[in-house]
Each structure stands twice: as structure tokens, then as C-alpha cells.
$ cat query-v7.cif   # mmCIF, C-alpha atoms
data_run
loop_
_atom_site.label_atom_id
_atom_site.label_comp_id
_atom_site.auth_asym_id
_atom_site.auth_seq_id
_atom_site.Cartn_x
_atom_site.Cartn_y
_atom_site.Cartn_z
CA MET T 1 52.86 142.14 93.53
CA THR T 2 51.53 140.13 90.59
CA ALA T 3 53.79 138.07 88.34
CA VAL T 4 53.42 140.55 85.48
CA GLU T 5 54.62 143.42 87.69
CA LEU T 6 57.96 141.67 88.11
CA TYR T 7 58.65 142.32 84.42
CA CYS T 8 59.33 146.02 84.83
CA VAL T 9 61.98 148.03 82.98
CA GLY T 10 65.41 146.65 83.86
CA ALA T 11 64.18 143.21 84.88
CA ARG T 12 66.66 140.50 83.91
CA VAL T 13 65.27 137.48 82.08
CA TRP T 14 66.22 134.43 80.04
CA VAL T 15 65.09 133.93 76.44
CA ARG T 16 65.36 130.78 74.35
CA ASP T 17 68.07 130.55 71.72
CA PRO T 18 68.35 127.92 68.96
CA GLU T 19 72.11 127.54 69.47
CA LEU T 20 72.88 128.53 73.06
CA VAL T 21 69.57 127.15 74.42
CA TRP T 22 69.15 130.16 76.77
CA THR T 23 70.58 133.69 76.54
CA PRO T 24 70.32 136.60 78.99
CA ALA T 25 68.28 139.70 78.20
CA SER T 26 66.87 142.78 79.95
CA VAL T 27 63.39 144.25 79.81
CA THR T 28 63.27 147.67 78.12
CA SER T 29 59.50 148.14 78.09
CA PRO T 30 56.87 146.71 80.46
CA TYR T 31 54.73 143.81 79.36
CA ALA T 32 51.98 145.03 77.02
CA THR T 33 48.79 143.14 77.84
CA GLU T 34 46.96 144.09 74.64
CA SER T 35 49.70 143.05 72.21
CA ARG T 36 50.94 140.27 74.52
CA SER T 37 54.52 141.35 73.85
CA LEU T 38 57.60 142.16 75.88
CA GLN T 39 60.35 144.45 74.67
CA LEU T 40 63.85 143.23 75.52
CA THR T 41 67.50 143.90 74.79
CA SER T 42 69.82 140.94 74.38
CA ASP T 43 72.74 141.06 76.83
CA VAL T 44 74.80 139.06 74.32
CA SER T 45 74.32 141.00 71.09
CA GLY T 46 72.87 144.25 72.42
CA GLN T 47 70.11 144.02 69.83
CA PRO T 48 66.45 144.73 70.63
CA VAL T 49 64.20 141.70 70.90
CA THR T 50 60.42 141.58 70.80
CA LEU T 51 59.05 138.57 72.64
CA THR T 52 55.47 137.68 71.76
CA ILE T 53 53.63 135.61 74.32
CA ASN T 54 51.59 132.73 72.96
CA PRO T 55 47.98 133.08 74.27
CA LYS T 56 47.68 129.27 74.37
CA ASP T 57 50.79 129.09 76.52
CA PRO T 58 50.95 132.46 78.31
CA GLU T 59 54.24 131.85 80.06
CA LEU T 60 56.52 134.83 80.56
CA PRO T 61 60.31 134.35 80.19
CA PRO T 62 62.09 133.01 83.29
CA LEU T 63 63.61 135.65 85.54
CA ARG T 64 67.35 135.66 86.22
CA ASN T 65 68.81 135.34 89.69
CA PRO T 66 70.67 138.21 91.36
CA GLU T 67 74.40 138.31 90.60
CA ILE T 68 75.20 137.71 94.26
CA LEU T 69 73.70 134.22 94.01
CA LEU T 70 75.70 133.13 90.97
CA GLY T 71 77.89 130.15 91.74
CA GLU T 72 75.91 128.96 94.77
CA ASN T 73 76.96 125.46 95.77
CA ASP T 74 73.34 124.48 96.46
CA LEU T 75 70.75 125.09 93.76
CA THR T 76 67.97 125.33 96.33
CA ALA T 77 69.52 128.60 97.54
CA LEU T 78 68.67 130.33 94.25
CA SER T 79 65.76 132.77 94.18
CA TYR T 80 64.49 131.28 90.95
CA LEU T 81 64.92 127.57 90.33
CA HIS T 82 64.13 126.70 86.73
CA GLU T 83 65.96 125.22 83.76
CA PRO T 84 68.04 128.25 82.66
CA ALA T 85 68.90 129.12 86.29
CA VAL T 86 70.13 125.57 86.95
CA LEU T 87 72.11 125.37 83.73
CA HIS T 88 73.69 128.78 84.20
CA ASN T 89 74.66 128.17 87.81
CA LEU T 90 76.25 124.83 86.90
CA HIS T 91 78.04 126.56 84.01
CA VAL T 92 79.42 129.29 86.29
CA ARG T 93 80.63 126.77 88.86
CA PHE T 94 82.24 124.53 86.23
CA ILE T 95 83.86 127.20 84.05
CA ASN T 96 84.65 129.96 86.56
CA MET T 97 85.20 127.94 89.73
CA ASN T 98 86.47 124.60 88.35
CA ALA T 99 83.80 122.90 90.46
CA ILE T 100 82.23 119.74 89.04
CA TYR T 101 79.92 119.11 92.03
CA THR T 102 76.84 121.08 93.08
CA TYR T 103 74.13 120.22 95.60
CA CYS T 104 70.43 120.38 94.93
CA GLY T 105 69.16 119.68 98.42
CA ILE T 106 70.11 116.09 99.21
CA VAL T 107 70.93 115.40 95.55
CA LEU T 108 74.47 115.83 94.23
CA VAL T 109 74.74 117.06 90.63
CA ALA T 110 78.01 116.06 88.95
CA ILE T 111 79.43 117.32 85.65
CA ASN T 112 81.78 114.92 83.88
CA PRO T 113 85.05 116.82 83.21
CA TYR T 114 86.33 114.02 80.93
CA GLN T 115 89.72 114.16 82.60
CA SER T 116 91.31 112.97 85.83
CA LEU T 117 91.14 115.43 88.71
CA PRO T 118 93.05 115.37 92.03
CA LEU T 119 89.85 115.14 94.07
CA TYR T 120 89.82 111.56 95.31
CA SER T 121 93.03 110.90 97.21
CA ALA T 122 93.27 109.40 100.71
CA ASP T 123 93.74 112.91 102.11
CA ILE T 124 90.46 114.06 100.58
CA ILE T 125 88.68 111.01 102.00
CA GLN T 126 90.10 111.85 105.42
CA ALA T 127 88.98 115.48 105.07
CA TYR T 128 85.33 114.49 104.48
CA SER T 129 85.26 111.69 107.03
CA GLY T 130 83.14 112.65 110.04
CA ARG T 131 81.92 115.92 108.47
CA ASN T 132 78.28 116.90 108.07
CA ILE T 133 77.08 117.42 104.54
CA GLY T 134 77.30 121.12 103.73
CA GLU T 135 80.32 121.80 105.96
CA MET T 136 82.66 121.43 103.00
CA ASP T 137 82.40 121.88 99.26
CA PRO T 138 80.01 119.53 97.44
CA HIS T 139 81.64 116.18 96.77
CA ILE T 140 80.74 112.56 96.09
CA PHE T 141 82.57 111.71 99.33
CA ALA T 142 80.23 114.00 101.27
CA VAL T 143 77.22 112.03 100.01
CA ALA T 144 78.95 108.74 100.84
CA GLU T 145 79.83 110.01 104.34
CA GLU T 146 76.24 111.13 104.96
CA SER T 147 74.98 107.69 103.99
CA TYR T 148 77.60 105.96 106.14
CA ARG T 149 76.86 108.13 109.19
CA LYS T 150 73.11 107.57 108.95
CA MET T 151 73.71 103.85 108.75
CA VAL T 152 75.94 103.96 111.84
CA ARG T 153 73.68 106.22 113.90
CA GLY T 154 70.33 104.81 112.88
CA GLU T 155 71.51 101.23 112.42
CA GLY T 156 69.47 101.05 109.25
CA ASN T 157 70.09 100.36 105.58
CA GLN T 158 71.02 103.24 103.31
CA SER T 159 70.96 103.59 99.53
CA VAL T 160 73.03 105.72 97.18
CA ILE T 161 71.48 105.98 93.70
CA VAL T 162 73.79 106.95 90.85
CA SER T 163 71.89 107.88 87.69
CA GLY T 164 72.47 109.83 84.50
CA GLU T 165 72.68 109.56 80.75
CA SER T 166 75.43 107.72 78.89
CA GLY T 167 78.79 109.36 79.50
CA ALA T 168 77.63 111.25 82.59
CA GLY T 169 80.15 109.44 84.79
CA LYS T 170 77.98 106.92 86.63
CA THR T 171 80.56 104.14 86.57
CA VAL T 172 83.35 106.31 87.94
CA SER T 173 81.11 107.89 90.56
CA ALA T 174 80.02 104.47 91.80
CA LYS T 175 83.66 103.42 92.07
CA TYR T 176 84.47 106.47 94.21
CA VAL T 177 81.55 105.69 96.53
CA MET T 178 82.85 102.15 96.91
CA ARG T 179 86.35 103.45 97.54
CA TYR T 180 85.07 105.74 100.28
CA PHE T 181 83.15 102.96 102.02
CA ALA T 182 86.15 100.64 101.75
CA SER T 183 88.34 103.31 103.33
CA VAL T 184 86.14 104.39 106.25
CA GLY T 185 84.81 100.88 106.78
CA GLY T 186 88.18 99.18 106.71
CA GLY T 187 89.88 100.53 109.78
CA SER T 188 93.47 101.67 109.76
CA SER T 189 94.51 99.19 107.07
CA GLN T 190 92.42 97.85 104.24
CA THR T 191 91.45 94.22 104.81
CA GLN T 192 91.11 91.46 102.26
CA ILE T 193 87.35 91.96 102.11
CA GLU T 194 87.57 95.67 101.25
CA SER T 195 90.18 94.87 98.61
CA ARG T 196 87.87 92.30 97.06
CA VAL T 197 84.98 94.76 96.98
CA LEU T 198 87.12 97.20 95.00
CA ALA T 199 88.57 94.40 92.84
CA SER T 200 85.13 93.65 91.42
CA ASN T 201 85.26 96.90 89.41
CA PRO T 202 87.87 95.99 86.75
CA ILE T 203 86.30 92.55 86.30
CA MET T 204 82.79 93.91 85.76
CA GLU T 205 84.08 96.66 83.48
CA SER T 206 86.07 94.27 81.29
CA ILE T 207 83.12 91.97 80.58
CA GLY T 208 80.27 94.47 80.84
CA ASN T 209 81.62 97.78 79.52
CA ALA T 210 82.27 98.85 75.95
CA LYS T 211 83.25 101.82 73.86
CA THR T 212 80.31 103.73 72.38
CA ILE T 213 80.14 106.88 70.31
CA ARG T 214 79.50 108.94 73.45
CA ASN T 215 81.56 107.10 76.04
CA ASP T 216 84.80 105.10 75.88
CA ASN T 217 83.88 103.08 78.97
CA SER T 218 80.11 102.76 78.87
CA SER T 219 78.44 100.25 81.19
CA ARG T 220 76.14 98.17 79.02
CA PHE T 221 74.24 96.74 81.98
CA GLY T 222 72.58 97.85 85.19
CA LYS T 223 73.90 96.80 88.55
CA TYR T 224 72.81 96.80 92.16
CA LEU T 225 75.67 96.55 94.64
CA GLU T 226 74.99 95.68 98.26
CA ILE T 227 77.79 96.18 100.80
CA GLY T 228 77.41 94.56 104.23
CA PHE T 229 78.77 96.02 107.48
CA ASN T 230 79.01 94.38 110.90
CA LYS T 231 78.14 95.95 114.26
CA GLY T 232 81.60 97.48 114.35
CA ASN T 233 80.79 99.31 111.08
CA THR T 234 83.43 97.34 109.18
CA ILE T 235 82.79 95.84 105.76
CA ILE T 236 82.16 92.09 105.99
CA GLY T 237 81.11 91.37 102.43
CA ALA T 238 79.35 92.51 99.30
CA SER T 239 77.07 91.14 96.62
CA MET T 240 76.18 92.39 93.17
CA ARG T 241 73.15 91.87 90.97
CA THR T 242 73.33 92.64 87.28
CA TYR T 243 70.52 93.07 84.82
CA LEU T 244 69.66 94.24 81.31
CA LEU T 245 73.01 93.32 79.73
CA GLU T 246 73.16 94.51 76.12
CA LYS T 247 73.56 91.02 74.60
CA SER T 248 73.24 92.23 71.01
CA ARG T 249 76.61 93.99 71.27
CA VAL T 250 78.34 90.60 71.26
CA VAL T 251 77.41 90.08 67.61
CA TYR T 252 76.92 93.65 66.38
CA GLN T 253 78.58 97.04 66.96
CA ALA T 254 77.72 100.32 65.29
CA GLN T 255 80.35 102.27 63.38
CA GLY T 256 82.96 103.73 65.73
CA GLU T 257 81.96 101.46 68.63
CA ARG T 258 83.50 98.34 70.15
CA ASN T 259 82.43 95.02 71.55
CA TYR T 260 83.05 94.37 75.26
CA HIS T 261 86.54 95.31 76.50
CA ILE T 262 87.56 91.77 77.40
CA PHE T 263 87.68 90.67 73.74
CA TYR T 264 90.17 93.41 72.83
CA GLN T 265 92.20 92.77 75.97
CA LEU T 266 92.58 89.16 74.90
CA CYS T 267 93.27 89.97 71.25
CA SER T 268 95.99 92.46 72.20
CA SER T 269 97.73 89.68 74.15
CA HIS T 270 97.71 87.13 71.31
CA GLY T 271 101.51 87.04 71.16
CA ILE T 272 101.93 85.97 74.79
CA PRO T 273 102.72 82.20 74.99
CA GLU T 274 100.39 81.72 77.97
CA TYR T 275 97.41 82.42 75.70
CA SER T 276 98.52 80.30 72.75
CA GLY T 277 95.85 77.67 73.46
CA LEU T 278 93.09 80.23 72.95
CA GLN T 279 93.92 80.71 69.24
CA LEU T 280 93.88 84.47 69.60
CA GLY T 281 94.86 87.02 67.01
CA PRO T 282 94.63 90.75 66.25
CA SER T 283 91.11 92.08 66.74
CA GLU T 284 91.02 93.14 63.08
CA THR T 285 90.91 89.45 62.07
CA PHE T 286 87.66 88.76 63.95
CA TYR T 287 84.39 89.90 62.44
CA TYR T 288 82.46 90.10 65.70
CA VAL T 289 84.92 92.54 67.30
CA ASN T 290 85.77 94.60 64.23
CA GLN T 291 82.40 95.72 62.88
CA GLY T 292 82.81 99.18 64.38
CA GLY T 293 86.06 99.70 62.47
CA ASP T 294 87.72 101.37 65.47
CA PRO T 295 89.22 98.72 67.78
CA GLY T 296 91.33 101.12 69.84
CA VAL T 297 90.54 103.48 72.72
CA ASP T 298 92.62 106.62 73.13
CA GLY T 299 94.92 106.42 76.15
CA VAL T 300 94.05 102.78 76.91
CA ASP T 301 96.49 99.87 76.63
CA ASP T 302 94.29 96.78 76.27
CA GLN T 303 97.15 94.41 77.10
CA GLU T 304 97.82 96.30 80.32
CA GLU T 305 94.10 96.31 81.10
CA LEU T 306 94.05 92.51 80.77
CA GLU T 307 96.75 92.31 83.44
CA ASN T 308 94.63 94.53 85.69
CA THR T 309 91.63 92.28 85.06
CA ARG T 310 93.66 89.20 85.92
CA GLU T 311 95.03 90.79 89.10
CA ALA T 312 91.48 91.55 90.15
CA MET T 313 90.40 87.99 89.40
CA THR T 314 93.30 86.70 91.49
CA MET T 315 92.20 88.97 94.31
CA MET T 316 88.73 87.44 94.03
CA GLY T 317 90.19 83.95 94.47
CA ILE T 318 90.21 82.88 90.81
CA ASN T 319 93.56 81.20 90.08
CA ASP T 320 95.45 81.33 86.78
CA SER T 321 94.11 77.99 85.54
CA GLU T 322 90.51 79.01 86.21
CA GLN T 323 91.09 82.38 84.57
CA LEU T 324 92.20 80.74 81.34
CA LYS T 325 89.10 78.56 81.43
CA VAL T 326 86.95 81.68 81.77
CA PHE T 327 88.74 83.31 78.83
CA ARG T 328 88.26 80.16 76.75
CA VAL T 329 84.52 80.27 77.43
CA LEU T 330 84.36 83.96 76.56
CA PHE T 331 86.42 83.77 73.40
CA HIS T 332 87.59 80.38 72.15
CA SER T 333 84.15 78.76 71.90
CA THR T 334 83.23 81.11 69.05
CA SER T 335 86.65 82.08 67.70
CA ARG T 336 86.39 79.64 64.79
CA GLU T 337 83.11 81.16 63.65
CA HIS T 338 84.58 84.64 64.13
CA ARG T 339 87.51 83.95 61.86
CA LEU T 340 85.42 82.16 59.23
CA ARG T 341 82.94 85.04 59.15
CA GLY T 342 85.82 87.50 58.89
CA SER T 343 87.45 85.54 56.07
CA ARG T 344 84.15 85.38 54.20
CA GLU T 345 83.79 89.15 54.51
CA ARG T 346 87.27 89.69 53.08
CA LEU T 347 86.57 87.31 50.17
CA LEU T 348 83.41 89.18 49.34
#
$ encode --input "query-v7.cif" --output "C-alpha cells"
Amino acid sequence: MTAVELYCVGARVWVRDPELVWTPASVTSPYATESRSLQLTSDVSGQPVTLTINPKDPELPPLRNPEILLGENDLTALSYLHEPAVLHNLHVRFINMNAIYTYCGIVLVAINPYQSLPLYSADIIQAYSGRNIGEMDPHIFAVAEESYRKMVRGEGNQSVIVSGESGAGKTVSAKYVMRYFASVGGGSSQTQIESRVLASNPIMESIGNAKTIRNDNSSRFGKYLEIGFNKGNTIIGASMRTYLLEKSRVVYQAQGERNYHIFYQLCSSHGIPEYSGLQLGPSETFYYVNQGGDPGVDGVDDQEELENTREAMTMMGINDSEQLKVFRVLFHSTSREHRLRGSRERLL
């Protein structure tokens, strides 16, 4: 059977739409070779549609998968694997099945739900521990377990790559992978080393993450985290390399965006006597942290986040005195210029 013969009466296809991107339709008349046209009926509006095929790009509309395959947890199981099929299957799983994870072979596709879900508790970690990938529903823990098991069995290094556009959930996904490794590689009780590995997250987020138009906790740098295990498959240490930090954000933020979190954490704590030597004040009084005009983040208490950052620093072996020195380097060295610039702006 040729490709054209698949477009018989009743064939189910996808057609491009300026608003919905892709919409379903059904063939009502076979493909006419002479006129290079295909008669369709939109499954959304019920209106007839004439699709003219461009002779320079003679590509027929993508065929739709059988209904029985809708919601498959692995995209490679679909009869037709193309853009509308992938998008529709992910849509069905997310909307109809409340599933944010879908496999595509060895790749895990994750949809950011922009809310907390009860999918990452210790019980869930235990459920995926020791299971082969594919035995349970797609999950970030299943990918982490597969990597861990291959490392244990093959005694070789493994890599988990987390990629995506801004706001896709890379930072959170990486944290869950680390949490899984810390749990399965820490024995019955989490050791100091595993705790330190996890403690690096709030520190890196406070000084390297910022609010953008698309993401309230966007990582403004790339990072490569290496976790070391001993022969007993227990975590013995970790190291992190950072690169491509967005340095320009320190002195400029677009409308609706923020500087790095640590500045607002410190500003929100200006009334605490311990920080009196830093000459802090409300973030609105500092030009370099108020250019975006929106210093707050919905649902985030910056003062509480500073305490979390300090707890993490303590866990990493940085005492209170050293912490204040770090904050002074981050903030106090330029606070005078910040205030002067802010005052000049108000005078103008």
C-alpha cells in the first residue's frame, strides 16, 4: 500500500490550526492527484475543509493514531510518531489521566504542573527502588533507579541529563534525582554526606536563581553535579561545576523580573539585629534590586528562605560568622552605590 492509499475516506488526520496548533479531521474524499487537494471534515467544528498540497512541499497531513493507543505511557508504542501525535498523547495523559510523566524510549518527558504533587515521598522512593524501568508508571525516580542499578551492576559511571526550556522544571527534577540517590545510597538512615549533598540545593538556588517572566525560580546558570559512590554503593561525596552565570542580572532586570534571590532574602531581614552591620533595607530602596518593579514572589517568604539558606550553609560547615562575611561580600560592598543610585533616581 502506498502512502497516498492510506488517505482513504474515513482516514483520521491532523491539520494545522493558527490557534490550537493541530486539530483533528477526517477524510471525506480521497486525495485528488490532479488538483493536489484533500477533502476533509473538521472533528472540532464539523465544517468541510479543503486541504491543498503544496507541490514544492508535497507532504500529506499526519495520520492520527488509533483510539486504543491514546494515553500510552511510552510514545514509542504509538503507530505514528510525529509532532501532533506526541503533543496529543501528552495532552491526554496530563488532562485525562493526571500524569505528568511519559516515556519516549529511554527518555522521560515531564510536563511542569506548576503545583506541588504527592509523587515524591519516601514511600514512592521505596516503591521504585529495585524495580526495572517500565514495571511501574513513568517517573523521575524510575530513571534515577535505572541509572543507579546500571552503576551498581556494571561498576561504571552513569549520567542523567536534565534539559528543557525555561520553566520546564529542570531545577526541581534535578533535586528529585539527587533526593533519590541520597535515599537509596544512604542506607537505612541518611548520613551527613547525603545531607550535605541535598543541602547544596538551597544555597545554589539563593545565589544563582532568580524570578523571570516565565519562571519564579529560574536557574540563571548551568551546572554539572558529580556524585561519588564507594564500593558499597553508598554516597561518599559530591562536587559541582557551574558555568554561564547570567552576570548582567546583578545590575539589570527586565520589567517584572528580579535580581538573584539572595538579595531579597537579605533585604527582607533588614530589621533583624544580627544583620544590622550590613546596612540593609527594604528592597525598594535599592536600585539594583528594584528595576523590575516587582520584588515579591507569590507564595514565597524571603525572610524564611534566608533561614533555609543559612541552615543549608551550616550543614555545609559554614558557621554563623563566616555566613555574615559571605553576605557582606554579596551585598554590603555595593550597598552604598545601590542606595546612591536609587536616591538619584528618585530625585530625577
$ residues_around --input "query-v7.cif" --residues "stretch 34-38 of chain T" --least-positions-apart "3" --cutoff "7 Å" --atoms "all atoms listed in the file" --output "tab-separated table (two decimals) with C-alpha atoms, in the coordinates of the input"
chain	number	residue	atom	x	y	z
T	29	SER	CA	59.50	148.14	78.09
T	30	PRO	CA	56.87	146.71	80.46
T	31	TYR	CA	54.73	143.81	79.36
T	50	THR	CA	60.42	141.58	70.80
T	51	LEU	CA	59.05	138.57	72.64
T	52	THR	CA	55.47	137.68	71.76
T	53	ILE	CA	53.63	135.61	74.32
$ resolve_selection --input "query-v7.cif" --expression "the PyMOL selection byres ((chain T and resi 66) around 10)" --output "list of chain:residue names"
T:Arg12, T:Leu63, T:Arg64, T:Asn65, T:Glu67, T:Ile68, T:Leu69, T:Leu70, T:Leu78, T:Ser79, T:Tyr80
$ write_last_selection --input "query-v7.cif" --atoms "C-alpha atoms" --output "mmCIF file, in the coordinates of the input"
data_model
loop_
_atom_site.group_PDB
_atom_site.id
_atom_site.type_symbol
_atom_site.label_atom_id
_atom_site.label_comp_id
_atom_site.auth_asym_id
_atom_site.auth_seq_id
_atom_site.Cartn_x
_atom_site.Cartn_y
_atom_site.Cartn_z
ATOM 1 C CA ARG T 12 66.660 140.500 83.910
ATOM 2 C CA LEU T 63 63.610 135.650 85.540
ATOM 3 C CA ARG T 64 67.350 135.660 86.220
ATOM 4 C CA ASN T 65 68.810 135.340 89.690
ATOM 5 C CA GLU T 67 74.400 138.310 90.600
ATOM 6 C CA ILE T 68 75.200 137.710 94.260
ATOM 7 C CA LEU T 69 73.700 134.220 94.010
ATOM 8 C CA LEU T 70 75.700 133.130 90.970
ATOM 9 C CA LEU T 78 68.670 130.330 94.250
ATOM 10 C CA SER T 79 65.760 132.770 94.180
ATOM 11 C CA TYR T 80 64.490 131.280 90.950
#
$ resolve_selection --input "query-v7.cif" --expression "the PyMOL selection byres ((chain T and resi 261-278) around 9)" --output "number ranges by chain"
T: 205-211, 217, 258-260, 279-283, 289, 295-296, 301-307, 309, 324, 327-328, 330-332, 335
$ atom_distance --input "query-v7.cif" --atom1 "atom CA of T:Glu257" --atom2 "atom CA of T:Lys170"
19.2 Å
$ resolve_selection --input "query-v7.cif" --expression "the PyMOL selection byres ((chain T and resi 243) around 7)" --output "PDB file with C-alpha atoms, keeping the file's coordinate frame"
ATOM      1  CA  PHE T 221      74.240  96.740  81.980  1.00  0.00           C
ATOM      2  CA  GLY T 222      72.580  97.850  85.190  1.00  0.00           C
ATOM      3  CA  LYS T 223      73.900  96.800  88.550  1.00  0.00           C
ATOM      4  CA  ARG T 241      73.150  91.870  90.970  1.00  0.00           C
ATOM      5  CA  THR T 242      73.330  92.640  87.280  1.00  0.00           C
ATOM      6  CA  LEU T 244      69.660  94.240  81.310  1.00  0.00           C
ATOM      7  CA  LEU T 245      73.010  93.320  79.730  1.00  0.00           C
TER       8      LEU T 245
END
$ atom_distance --input "query-v7.cif" --atom1 "atom CA of T:Asp294" --atom2 "atom CA of T:Lys247"
19.8 Å
$ residues_around --input "query-v7.cif" --residues "T:Lys175" --least-positions-apart "4" --cutoff "10 Å" --atoms "all atoms listed in the file" --output "PDB file with C-alpha atoms, in the frame of the given file"
ATOM      1  CA  LYS T 170      77.980 106.920  86.630  1.00  0.00           C
ATOM      2  CA  THR T 171      80.560 104.140  86.570  1.00  0.00           C
ATOM      3  CA  ARG T 179      86.350 103.450  97.540  1.00  0.00           C
ATOM      4  CA  TYR T 180      85.070 105.740 100.280  1.00  0.00           C
ATOM      5  CA  PHE T 181      83.150 102.960 102.020  1.00  0.00           C
ATOM      6  CA  LEU T 198      87.120  97.200  95.000  1.00  0.00           C
ATOM      7  CA  SER T 200      85.130  93.650  91.420  1.00  0.00           C
ATOM      8  CA  ASN T 201      85.260  96.900  89.410  1.00  0.00           C
TER       9      ASN T 201
END
$ closest_residue --input "query-v7.cif" --among "T:Ile106, T:Leu119, T:Ile213, T:Met204" --to "T:Gln255" --atoms "all atoms listed in the file"
T:Ile213
